[in-house]
Amino acid sequence: MADTTSPIPSDTPHPLPRRTALVGGLRLGLGASALLLSGCASLLQREPVRVDVVGVEPLPGEGLELRLALKLRVTNPNDNALDFDGLSVTLDVRGSRFASGVSNERGSVPRFGEAVISVPVSVSALSLVRQAMGVASGSGPSDRVEYVLRGRLAGTALGGVSFTSSGELMLPKGLGLPGR
């Protein structure tokens with residue numbers, strides 16, 4: 001039987017220098033990636049934007065759907081402008097989903113500045129009935145309602161900025177119950 005193992009000839013290059021170079025390159029790449037990530041992490045340490053509902057205007061609706069234009073004041077407390085390309089919002093009123101909408105509006109909120117953005121939202125007939133029943137049952141004042149607004153400004157350098165806001169909306173005159 002023949003010997004199938006053969007010694008490595010001395011004139012053949014040894015694989016160890018190639019492996020060492022590969023490991024060294026990998027370490028260099030990981031080190032550069034770590035530096036890049038730490039630089040990006042410093043960009044992520046931003047103050048959150050503040051968003052307040054500053055107005056509600058009626059829009060033409062279809063069928064049993066009510067359409068409103070929410071006027072949002074976006075305040076940027078950071079030292080870099082906040083560029084956005086679209087936004088989405090949901091509005092909860094008295095603890096229940098009331099309206100939602102999207103807008104493909106583009107714009108920029110200046111550094112240490114603010115901008116007013118209009119977002120069309122849809123309100124279903126079921127949401128209207130639920131809120132009307134809440135007002136009719138006497139749960140709270142009829143001329144103002146508590147809300148929670150959640151949303152996202154899309155297209156920023158960081159992929160998007162989410163926000164949450166809450167407060168009270170004053171209802172237009174004539175929308176509340178008489179005598180309350």
# chains A, B, ... in the order shown; residues from 1 in each chain; ligands from 1
$ residues_around --residues "segment 108-120 of chain A" --least-positions-apart "4" --cutoff "10 Å" --atoms "only C-alpha atoms" --output "VMD selection string"
chain A and resid 49 to 59 67 to 89 99 to 104 156
$ write_last_selection --atoms "C-alpha atoms" --output "mmCIF file, in the first residue's frame"
data_model
loop_
_atom_site.group_PDB
_atom_site.id
_atom_site.type_symbol
_atom_site.label_atom_id
_atom_site.label_comp_id
_atom_site.auth_asym_id
_atom_site.auth_seq_id
_atom_site.Cartn_x
_atom_site.Cartn_y
_atom_site.Cartn_z
ATOM 1 C CA VAL A 49 -39.129 67.310 18.220
ATOM 2 C CA ARG A 50 -42.271 68.772 19.767
ATOM 3 C CA VAL A 51 -45.523 68.659 17.822
ATOM 4 C CA ASP A 52 -48.706 70.439 18.885
ATOM 5 C CA VAL A 53 -52.127 70.555 17.249
ATOM 6 C CA VAL A 54 -52.761 74.253 16.614
ATOM 7 C CA GLY A 55 -55.842 74.040 14.429
ATOM 8 C CA VAL A 56 -58.521 71.856 12.897
ATOM 9 C CA GLU A 57 -60.272 72.830 9.682
ATOM 10 C CA PRO A 58 -63.017 70.961 7.783
ATOM 11 C CA LEU A 59 -62.293 69.456 4.338
ATOM 12 C CA ARG A 67 -62.262 64.883 6.502
ATOM 13 C CA LEU A 68 -60.275 67.388 8.527
ATOM 14 C CA ALA A 69 -57.036 69.274 8.058
ATOM 15 C CA LEU A 70 -54.922 69.080 11.214
ATOM 16 C CA LYS A 71 -52.579 72.036 11.582
ATOM 17 C CA LEU A 72 -49.453 70.900 13.415
ATOM 18 C CA ARG A 73 -46.737 73.140 14.823
ATOM 19 C CA VAL A 74 -43.431 71.249 14.706
ATOM 20 C CA THR A 75 -40.709 72.671 16.957
ATOM 21 C CA ASN A 76 -37.098 71.629 16.374
ATOM 22 C CA PRO A 77 -34.949 72.216 19.515
ATOM 23 C CA ASN A 78 -31.757 70.976 17.797
ATOM 24 C CA ASP A 79 -28.873 72.814 16.176
ATOM 25 C CA ASN A 80 -29.438 71.132 12.782
ATOM 26 C CA ALA A 81 -32.355 71.684 10.419
ATOM 27 C CA LEU A 82 -34.844 68.814 10.218
ATOM 28 C CA ASP A 83 -35.667 68.006 6.585
ATOM 29 C CA PHE A 84 -38.676 65.767 6.001
ATOM 30 C CA ASP A 85 -40.371 64.160 3.019
ATOM 31 C CA GLY A 86 -43.812 63.008 4.143
ATOM 32 C CA LEU A 87 -45.536 62.384 7.442
ATOM 33 C CA SER A 88 -48.164 60.154 8.992
ATOM 34 C CA VAL A 89 -50.350 60.768 12.049
ATOM 35 C CA ALA A 99 -58.594 59.956 12.924
ATOM 36 C CA SER A 100 -55.553 59.094 10.862
ATOM 37 C CA GLY A 101 -53.871 60.494 7.803
ATOM 38 C CA VAL A 102 -50.773 60.878 5.705
ATOM 39 C CA SER A 103 -49.221 63.656 3.679
ATOM 40 C CA ASN A 104 -46.453 63.652 1.104
ATOM 41 C CA THR A 156 -34.942 62.522 7.447
#
$ closest_residue --among "A:Pro60, A:Gly95, A:Gly107, A:Gly151" --to "Phe163 of chain A" --atoms "only C-alpha atoms"
A:Gly151
$ residues_around --residues "Asp92 of chain A" --least-positions-apart "4" --cutoff "9 Å" --atoms "only C-alpha atoms" --output "number ranges by chain"
A: 96-100, 146-150
$ atom_distance --atom1 "atom CA of Gly61 of chain A" --atom2 "atom CA of Arg152 of chain A"
24.2 Å
$ atom_distance --atom1 "atom CA of Pro48 of chain A" --atom2 "atom CA of Arg106 of chain A"
19.4 Å
$ select_by_dssp --residues "segment 61-139 of chain A" --states "alpha helix (DSSP H)" --output "list of chain:residue names"
A:Ala125, A:Leu126, A:Ser127, A:Leu128, A:Val129, A:Arg130, A:Gln131, A:Ala132, A:Met133, A:Gly134, A:Val135, A:Ala136
$ write_last_selection --atoms "N, CA and C atoms" --output "PDB file, in the first residue's frame"
ATOM      1  N   ALA A 125     -67.318  57.182  10.357  1.00  0.00           N
ATOM      2  CA  ALA A 125     -68.625  57.423  10.968  1.00  0.00           C
ATOM      3  C   ALA A 125     -68.705  56.768  12.344  1.00  0.00           C
ATOM      4  N   LEU A 126     -68.110  55.579  12.489  1.00  0.00           N
ATOM      5  CA  LEU A 126     -68.118  54.887  13.774  1.00  0.00           C
ATOM      6  C   LEU A 126     -67.391  55.710  14.844  1.00  0.00           C
ATOM      7  N   SER A 127     -66.273  56.306  14.476  1.00  0.00           N
ATOM      8  CA  SER A 127     -65.549  57.150  15.437  1.00  0.00           C
ATOM      9  C   SER A 127     -66.371  58.358  15.841  1.00  0.00           C
ATOM     10  N   LEU A 128     -67.074  58.947  14.889  1.00  0.00           N
ATOM     11  CA  LEU A 128     -67.934  60.096  15.199  1.00  0.00           C
ATOM     12  C   LEU A 128     -69.047  59.703  16.159  1.00  0.00           C
ATOM     13  N   VAL A 129     -69.689  58.564  15.900  1.00  0.00           N
ATOM     14  CA  VAL A 129     -70.775  58.099  16.766  1.00  0.00           C
ATOM     15  C   VAL A 129     -70.237  57.822  18.170  1.00  0.00           C
ATOM     16  N   ARG A 130     -69.094  57.154  18.263  1.00  0.00           N
ATOM     17  CA  ARG A 130     -68.500  56.829  19.567  1.00  0.00           C
ATOM     18  C   ARG A 130     -68.209  58.108  20.364  1.00  0.00           C
ATOM     19  N   GLN A 131     -67.642  59.119  19.698  1.00  0.00           N
ATOM     20  CA  GLN A 131     -67.338  60.374  20.394  1.00  0.00           C
ATOM     21  C   GLN A 131     -68.607  61.127  20.781  1.00  0.00           C
ATOM     22  N   ALA A 132     -69.601  61.106  19.897  1.00  0.00           N
ATOM     23  CA  ALA A 132     -70.868  61.781  20.216  1.00  0.00           C
ATOM     24  C   ALA A 132     -71.532  61.135  21.418  1.00  0.00           C
ATOM     25  N   MET A 133     -71.478  59.812  21.502  1.00  0.00           N
ATOM     26  CA  MET A 133     -72.061  59.114  22.651  1.00  0.00           C
ATOM     27  C   MET A 133     -71.301  59.471  23.928  1.00  0.00           C
ATOM     28  N   GLY A 134     -69.995  59.616  23.833  1.00  0.00           N
ATOM     29  CA  GLY A 134     -69.208  60.005  25.000  1.00  0.00           C
ATOM     30  C   GLY A 134     -69.574  61.391  25.488  1.00  0.00           C
ATOM     31  N   VAL A 135     -69.787  62.325  24.544  1.00  0.00           N
ATOM     32  CA  VAL A 135     -70.183  63.687  24.917  1.00  0.00           C
ATOM     33  C   VAL A 135     -71.588  63.675  25.492  1.00  0.00           C
ATOM     34  N   ALA A 136     -72.505  62.909  24.877  1.00  0.00           N
ATOM     35  CA  ALA A 136     -73.901  62.861  25.338  1.00  0.00           C
ATOM     36  C   ALA A 136     -74.024  62.220  26.715  1.00  0.00           C
TER      37      ALA A 136
END
$ atom_distance --atom1 "atom CA of Glu47 of chain A" --atom2 "atom CA of Ser162 of chain A"
11.8 Å
$ residues_around --residues "Ser124 of chain A" --least-positions-apart "6" --cutoff "7 Å" --atoms "only C-alpha atoms" --output "list in words"
Leu64, Glu65 and Leu66 of chain A
$ write_last_selection --atoms "N, CA and C atoms" --output "PDB file, in the first residue's frame"
ATOM      1  N   LEU A  64     -70.018  58.761   4.432  1.00  0.00           N
ATOM      2  CA  LEU A  64     -70.091  58.918   5.889  1.00  0.00           C
ATOM      3  C   LEU A  64     -68.754  59.306   6.504  1.00  0.00           C
ATOM      4  N   GLU A  65     -67.808  59.637   5.673  1.00  0.00           N
ATOM      5  CA  GLU A  65     -66.477  59.973   6.160  1.00  0.00           C
ATOM      6  C   GLU A  65     -66.351  61.478   6.369  1.00  0.00           C
ATOM      7  N   LEU A  66     -65.771  61.854   7.478  1.00  0.00           N
ATOM      8  CA  LEU A  66     -65.479  63.254   7.764  1.00  0.00           C
ATOM      9  C   LEU A  66     -63.999  63.473   7.482  1.00  0.00           C
TER      10      LEU A  66
END
$ select_by_dssp --residues "segment 80-162 of chain A" --states "strand (DSSP E or B)" --output "VMD selection string"
chain A and resid 82 to 93 96 to 109 113 to 123 144 to 154 160 to 162
$ closest_residue --among "A:Ser165, A:Glu105, A:Arg144, A:Glu62" --to "Thr90 of chain A" --atoms "only C-alpha atoms"
A:Ser165
